[in-house]
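Structure, as structure tokens:
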Amino acid sequence: MIHYLMSFGLEAQAIEVWLCNEQGEIKFYNHQGELANSLLVPDFLKQIKR
């Protein structure tokens, strides 16, 4: 499902896709694959705290 969501966003001409899992971990992707952090907002959190 996550792969589908990522592909859907990138096929829709998104520059980046951000996905958050149930543990609050955020992963960033672009057309080259997974990124260490967002290239658009480099200081954005990688983990959402509960």
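Order determines the names: the first chain of the structure tokens is A, the second B, and so forth; residues in each chain are numbered 1 upward, and ligands are numbered 1 upward as they are shown.
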Worksheet entry | Who sits within 6 Å of Ile26 (chain A), only C-alpha atoms, same chain under 2 positions skipped, as a list in words | Leu19, Cys20, Lys46 and Gln47 of chain A
Next, the residues of the selection above should be written as a PDB file, in the first residue's frame with all heavy atoms.
ATOM      1  N   LEU A  19       5.674  10.200   3.725  1.00  0.00           N
ATOM      2  CA  LEU A  19       4.790   9.183   4.294  1.00  0.00           C
ATOM      3  C   LEU A  19       5.085   9.024   5.777  1.00  0.00           C
ATOM      4  O   LEU A  19       6.245   8.999   6.187  1.00  0.00           O
ATOM      5  CB  LEU A  19       4.986   7.838   3.584  1.00  0.00           C
ATOM      6  CG  LEU A  19       4.708   7.823   2.082  1.00  0.00           C
ATOM      7  CD1 LEU A  19       5.028   6.454   1.503  1.00  0.00           C
ATOM      8  CD2 LEU A  19       3.260   8.186   1.808  1.00  0.00           C
ATOM      9  N   CYS A  20       4.036   8.914   6.560  1.00  0.00           N
ATOM     10  CA  CYS A  20       4.162   8.742   8.006  1.00  0.00           C
ATOM     11  C   CYS A  20       3.563   7.391   8.390  1.00  0.00           C
ATOM     12  O   CYS A  20       2.423   7.093   8.012  1.00  0.00           O
ATOM     13  CB  CYS A  20       3.429   9.885   8.718  1.00  0.00           C
ATOM     14  SG  CYS A  20       3.556   9.806  10.505  1.00  0.00           S
ATOM     15  N   LYS A  46      11.600  14.229  11.477  1.00  0.00           N
ATOM     16  CA  LYS A  46      11.572  12.869  10.929  1.00  0.00           C
ATOM     17  C   LYS A  46      10.703  11.962  11.784  1.00  0.00           C
ATOM     18  O   LYS A  46      10.447  10.830  11.416  1.00  0.00           O
ATOM     19  CB  LYS A  46      12.988  12.300  10.856  1.00  0.00           C
ATOM     20  CG  LYS A  46      13.876  13.042   9.885  1.00  0.00           C
ATOM     21  CD  LYS A  46      15.251  12.437   9.846  1.00  0.00           C
ATOM     22  CE  LYS A  46      16.175  13.300   9.022  1.00  0.00           C
ATOM     23  NZ  LYS A  46      17.535  12.815   9.065  1.00  0.00           N
ATOM     24  N   GLN A  47      10.267  12.465  12.920  1.00  0.00           N
ATOM     25  CA  GLN A  47       9.454  11.704  13.850  1.00  0.00           C
ATOM     26  C   GLN A  47       8.414  12.621  14.470  1.00  0.00           C
ATOM     27  O   GLN A  47       8.746  13.700  14.946  1.00  0.00           O
ATOM     28  CB  GLN A  47      10.345  11.116  14.954  1.00  0.00           C
ATOM     29  CG  GLN A  47       9.620  10.317  16.008  1.00  0.00           C
ATOM     30  CD  GLN A  47       9.224   8.941  15.527  1.00  0.00           C
ATOM     31  OE1 GLN A  47       9.948   8.310  14.782  1.00  0.00           O
ATOM     32  NE2 GLN A  47       8.080   8.472  15.959  1.00  0.00           N
TER      33      GLN A  47
END
Worksheet item: Neighbours of His31 (chain A) within 8 Å (only C-alpha atoms; same-chain residues fewer than 4 positions away dropped), as a list of chain:residue names?
Response: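 These residues fall inside the cut-off: A:Leu10, A:Ile15, A:Glu16.
Picture a line from CA of Asn37 (chain A) to CA of Gly24 (chain A); it runs 14.8 Å.
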Discussion item. Quick check, in Å to one decimal: how far apart do CA of Ala12 (chain A) and CA of Gly33 (chain A) lie?
Written reply: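 CA of Ala12 (chain A) sits 15.6 Å away from CA of Gly33 (chain A).
For the atom pair formed by CA of Ala14 (chain A) and CA of Arg50 (chain A), the distance is 28.0 Å, given to one decimal.
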Worksheet entry | Nearest to Lys49 (chain A) by atom-to-atom distance, counting only C-alpha atoms, from A:Asn30, A:Gln23, A:Gln13, A:Ser7 | A:Gln23
Practice prompt. From the DSSP assignment of the backbone, select every residue of chain A that is strand (DSSP E or B), and format the answer as a PyMOL selection string.
Written response: chain A and resi 17-20+25-30+33-35+47
Practice prompt. Can you pull out every residue within 10 Å of Glu34 (chain A), counting only C-alpha atoms, but drop anything in the same chain fewer than 5 positions away, and send it as a VMD selection string?
Written response: chain A and resid 16 to 18 27 to 29
Output file for the residues above (all heavy atoms, as a compact mmCIF listing (two decimals), in the first residue's frame):
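again.txt was written with the following content:
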# COMPACT_ATOMS: atom_id res chain seq x y z
N GLU A 16 8.25 15.72 -4.12
CA GLU A 16 8.56 14.79 -3.04
C GLU A 16 7.26 14.19 -2.52
O GLU A 16 6.19 14.79 -2.64
CB GLU A 16 9.22 15.50 -1.85
CG GLU A 16 10.62 15.93 -2.06
CD GLU A 16 11.23 16.54 -0.81
OE1 GLU A 16 10.53 16.81 0.20
OE2 GLU A 16 12.43 16.77 -0.86
N VAL A 17 7.40 13.01 -1.91
CA VAL A 17 6.28 12.37 -1.22
C VAL A 17 6.75 12.12 0.21
O VAL A 17 7.85 11.64 0.43
CB VAL A 17 5.89 11.04 -1.89
CG1 VAL A 17 4.85 10.31 -1.09
CG2 VAL A 17 5.41 11.28 -3.31
N TRP A 18 5.92 12.50 1.17
CA TRP A 18 6.21 12.27 2.58
C TRP A 18 5.20 11.27 3.10
O TRP A 18 3.99 11.47 2.98
CB TRP A 18 6.08 13.55 3.38
CG TRP A 18 6.98 14.68 2.98
CD1 TRP A 18 7.84 14.74 1.92
CD2 TRP A 18 7.09 15.93 3.65
NE1 TRP A 18 8.47 15.95 1.90
CE2 TRP A 18 8.03 16.70 2.95
CE3 TRP A 18 6.48 16.47 4.76
CZ2 TRP A 18 8.38 17.98 3.34
CZ3 TRP A 18 6.83 17.74 5.15
CH2 TRP A 18 7.78 18.49 4.44
N LYS A 27 8.99 9.31 6.37
CA LYS A 27 9.99 8.99 5.33
C LYS A 27 9.71 9.87 4.13
O LYS A 27 8.57 10.18 3.81
CB LYS A 27 9.90 7.52 4.96
CG LYS A 27 10.21 6.62 6.13
CD LYS A 27 10.83 5.35 5.70
CE LYS A 27 11.19 4.56 6.94
NZ LYS A 27 12.25 3.66 6.71
N PHE A 28 10.78 10.27 3.48
CA PHE A 28 10.70 11.19 2.35
C PHE A 28 11.21 10.48 1.10
O PHE A 28 12.21 9.76 1.14
CB PHE A 28 11.58 12.42 2.62
CG PHE A 28 11.30 13.07 3.95
CD1 PHE A 28 12.05 12.77 5.07
CD2 PHE A 28 10.27 13.98 4.08
CE1 PHE A 28 11.80 13.36 6.29
CE2 PHE A 28 10.00 14.58 5.29
CZ PHE A 28 10.76 14.27 6.41
N TYR A 29 10.53 10.71 -0.02
CA TYR A 29 10.89 10.07 -1.28
C TYR A 29 10.83 11.09 -2.41
O TYR A 29 10.04 12.03 -2.37
CB TYR A 29 9.91 8.93 -1.62
CG TYR A 29 9.87 7.84 -0.60
CD1 TYR A 29 9.00 7.92 0.49
CD2 TYR A 29 10.69 6.72 -0.71
CE1 TYR A 29 8.96 6.91 1.44
CE2 TYR A 29 10.65 5.71 0.23
CZ TYR A 29 9.78 5.81 1.30
OH TYR A 29 9.74 4.81 2.24
